[in-house]
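Okay, so here's the structure we're looking at.
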Amino acid sequence: MDTQDQDCVGRWDGLGSRDASSRDAAMEHIRQEVMRRVEDIGPIPASLAPSPLASASAPNNDLNEMLARLLMLSKRCPFEDVRERCVWILQSVQDLGVRIPRPLGNGPSRFIPEKEILQVSKVDARTQTIFEDAFAALGRLDNISLVMGFHPQYLESFLRTQHYLLQMDGPLSLHYRHYIGIMAAARHQCSYLVNLHVNDFLQVGGDHKWLNGLDGAPQKLQHLGELNKILAHRPWLLTKEHIEHLLKAEEHSWSLAELIHAVVLLTHYHSLASFTFGCGITPEIHCDGGHTFRPPSLSQYCVCDIANGNDCVHVSVQEVSGEVEVLMERMKQLQECRDEEEASQEEMATRFEREKTESMLVVTAEDEECVPSRDVSRHFEDPSYGYKDFSRRGEHVPTFRVQDYSWEDHGFSLVNRLYPDVGQMLDEKFQMAYNLTYNTMAMHKDVDTSMLRRAIWNYIHCMFGIRYDDYDYGEINQLLDRSFKIYIKTMVCSPEKTTKRMYESFWRQFQHSEKVHVNLLLMEARMQAELLYALRAITRYMT
């Protein structure tokens, strides 16, 4: 990165300062830089204005990128003074006859109406502080954070953990961390996360050549490809031999501490890809697909939305009325059964095996095949390897008993020993998602939802073969209906196939904030399941 580029990055970074005068100075530098580039274009004849800057010349591309970033800041920056100044600069540029960008799409999510998602200009003091911290750390307030903003307590824990993994002291260099994020997100064809981390990778000095494909990256990262693949799709196949291969690869070997850091990053981004698809997260305003320089067309209805099944699903009130009450009644009956009788250990084991087998047969989505684009698939190997392949061939998922190896008794301490503080942060994040409750279900208040939350968490772990001896898996079929199971299975195992129709078809009387809460549970349960298999393999290697 040359001096001028570093200087420019520094100015954007200055917008995250808590000090208003520092932000003002940074904005003034950016304004001058934008106006200098506008002047470089030369006078624009009135007959041609406004210019779309469609040519591929470098100054125009640089200016387009700056204008797109200003557009993003005008909508997403948590500091009001920066938002207002960005609007003013964009207007000034437009007044000079240069076409400015406009956002594409309707907010951070394709599934949730923008008016229901927190607006950066209308948040409480606590959420404002969380948003400001996130913006200061990343130079953006991304769409994932805005959707997670339904649950500020969780968002705070999530951002603290992610910041530590990506930016604080740790075994791996910064560019390795972002590249591993790219590899993990690409496994699920999550172009949203891939694009974010490509930008971050380059910003911390990453080598452009690595982005041409995994074969352009160092051997050490290439060796991580197999672990990435198995963890993402069939973590029960991970063995201590896979770990040994990485730790004893001569000059390309990983240290134990580096490997723990890499495993946490891989599992973090596999599960975050699930959340991204499960909430229909849209591209960031300043990224490809988030803005356009074209004027708005007469019809704002996007043909691709219709083709992708993203048109609104109209469901009659009669069709869904009583759904919540039925679920609440089942929870009450199950509680009464628990109090009256307890199944034998043999019966509990049988119920688990039955539920595990049934979960393998749940079909994830209507469309058979998702072909990854070259842009995404170049970041990983063996694109045909996925969750669906094994279940159709009748392969068996072995049972992993939590009593033999658990996060609380084994995984937590191993992570904390090799990557200090991270075990604690992950534990807080797991607990936050699992225990989060507002004691509500749709329009009902003062409801104990712990039984439902446990059923969701344990169903996900059951799909990965993980069994809790003290849980009656017969409860799952009582509490999770077929459409919900299809949504869970798709989002956890093949998230790239999640559609708006699937999101709308489960829990139709529930609020969007409750569905986002479900997605947080799915994300964290998936991450913990992958971690358990990886950490058990590492423990077996060490002993």
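Following the order of the structure tokens, first chain is A, next is B, and so on, with residues numbered from 1 inside each chain and ligands from 1 in the order they appear.
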Distance table requested - region 210-240 of chain A against region 460-484 of chain A, cut-off 12 Å, only C-alpha atoms: one row per qualifying residue with the closest atom pair and its distance in Å to one decimal, ordered by chain and rising residue number, as a tab-separated table.
```
residue	atom	partner	partner_atom	distance
A:Leu231	CA	A:Phe464	CA	10.9
A:Ala232	CA	A:Phe464	CA	11.2
A:His233	CA	A:Phe464	CA	9.6
A:Arg234	CA	A:Phe464	CA	7.9
A:Pro235	CA	A:Phe464	CA	7.7
A:Trp236	CA	A:Phe464	CA	7.2
A:Leu237	CA	A:Phe464	CA	10.7
```
Distance table requested - region 77-172 of chain A against region 184-197 of chain A, cut-off 12 Å, only C-alpha atoms: one row per qualifying residue with the closest atom pair and its distance in Å to one decimal, ordered by chain and rising residue number, as CSV.
```
residue,atom,partner,partner_atom,distance
A:Pro108,CA,A:Tyr192,CA,11.6
A:Ser109,CA,A:Tyr192,CA,12.0
A:Leu138,CA,A:Leu196,CA,10.6
A:Gly139,CA,A:Leu196,CA,11.8
A:Arg140,CA,A:Leu196,CA,10.5
A:Leu141,CA,A:Leu196,CA,11.9
A:Asp142,CA,A:Leu196,CA,9.4
A:Asn143,CA,A:Tyr192,CA,10.0
A:Ile144,CA,A:Leu193,CA,9.9
A:Leu166,CA,A:His197,CA,10.4
```
Could you write those residues out with N, CA, C and O atoms, as an mmCIF file, in the first residue's frame?
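What follows is the written file part.cif:
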```cif
data_model
loop_
_atom_site.group_PDB
_atom_site.id
_atom_site.type_symbol
_atom_site.label_atom_id
_atom_site.label_comp_id
_atom_site.auth_asym_id
_atom_site.auth_seq_id
_atom_site.Cartn_x
_atom_site.Cartn_y
_atom_site.Cartn_z
ATOM 1 N N PRO A 108 -31.090 -3.858 5.276
ATOM 2 C CA PRO A 108 -30.078 -4.884 5.563
ATOM 3 C C PRO A 108 -30.509 -6.327 5.300
ATOM 4 O O PRO A 108 -29.675 -7.210 5.229
ATOM 5 N N SER A 109 -31.841 -6.566 5.181
ATOM 6 C CA SER A 109 -32.322 -7.941 5.022
ATOM 7 C C SER A 109 -33.377 -8.024 3.929
ATOM 8 O O SER A 109 -34.223 -7.150 3.799
ATOM 9 N N LEU A 138 -14.236 -1.403 12.950
ATOM 10 C CA LEU A 138 -14.259 -1.917 11.582
ATOM 11 C C LEU A 138 -14.363 -0.842 10.501
ATOM 12 O O LEU A 138 -14.181 -1.119 9.325
ATOM 13 N N GLY A 139 -14.706 0.391 10.909
ATOM 14 C CA GLY A 139 -14.918 1.443 9.918
ATOM 15 C C GLY A 139 -16.237 1.292 9.191
ATOM 16 O O GLY A 139 -16.492 1.910 8.161
ATOM 17 N N ARG A 140 -17.109 0.428 9.723
ATOM 18 C CA ARG A 140 -18.435 0.227 9.137
ATOM 19 C C ARG A 140 -19.354 -0.341 10.214
ATOM 20 O O ARG A 140 -18.900 -0.898 11.212
ATOM 21 N N LEU A 141 -20.634 -0.184 10.001
ATOM 22 C CA LEU A 141 -21.636 -0.850 10.823
ATOM 23 C C LEU A 141 -22.364 -1.776 9.863
ATOM 24 O O LEU A 141 -23.197 -1.330 9.071
ATOM 25 N N ASP A 142 -21.991 -3.040 9.876
ATOM 26 C CA ASP A 142 -22.470 -3.918 8.802
ATOM 27 C C ASP A 142 -23.914 -4.370 9.009
ATOM 28 O O ASP A 142 -24.502 -4.218 10.086
ATOM 29 N N ASN A 143 -24.468 -4.934 7.949
ATOM 30 C CA ASN A 143 -25.870 -5.349 7.962
ATOM 31 C C ASN A 143 -26.140 -6.454 8.974
ATOM 32 O O ASN A 143 -27.225 -6.537 9.548
ATOM 33 N N ILE A 144 -25.150 -7.321 9.188
ATOM 34 C CA ILE A 144 -25.300 -8.376 10.200
ATOM 35 C C ILE A 144 -25.526 -7.746 11.571
ATOM 36 O O ILE A 144 -26.425 -8.145 12.319
ATOM 37 N N LEU A 166 -10.257 -11.222 15.220
ATOM 38 C CA LEU A 166 -9.733 -10.628 13.987
ATOM 39 C C LEU A 166 -8.656 -9.588 14.216
ATOM 40 O O LEU A 166 -7.768 -9.419 13.373
#
```
Interatomic distance (Å, one decimal) between CA of Arg177 (chain A) and CA of Asp133 (chain A) |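 CA of Asp133 (chain A) lies at a distance of 20.6 Å from CA of Arg177 (chain A).
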Counting only C-alpha atoms, the option among A:Thr267, A:Leu146, A:Val204, A:Arg102 closest to Arg294 (chain A) | A:Arg102
What is the CA of Gln424 (chain A)-CA of Gln153 (chain A) distance in Å, reported with one decimal?
->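 Separation of CA of Gln424 (chain A) and CA of Gln153 (chain A): 16.2 Å.
CA of Val38 (chain A) to CA of Val87 (chain A) spans 16.4 Å [interatomic distance, one decimal].
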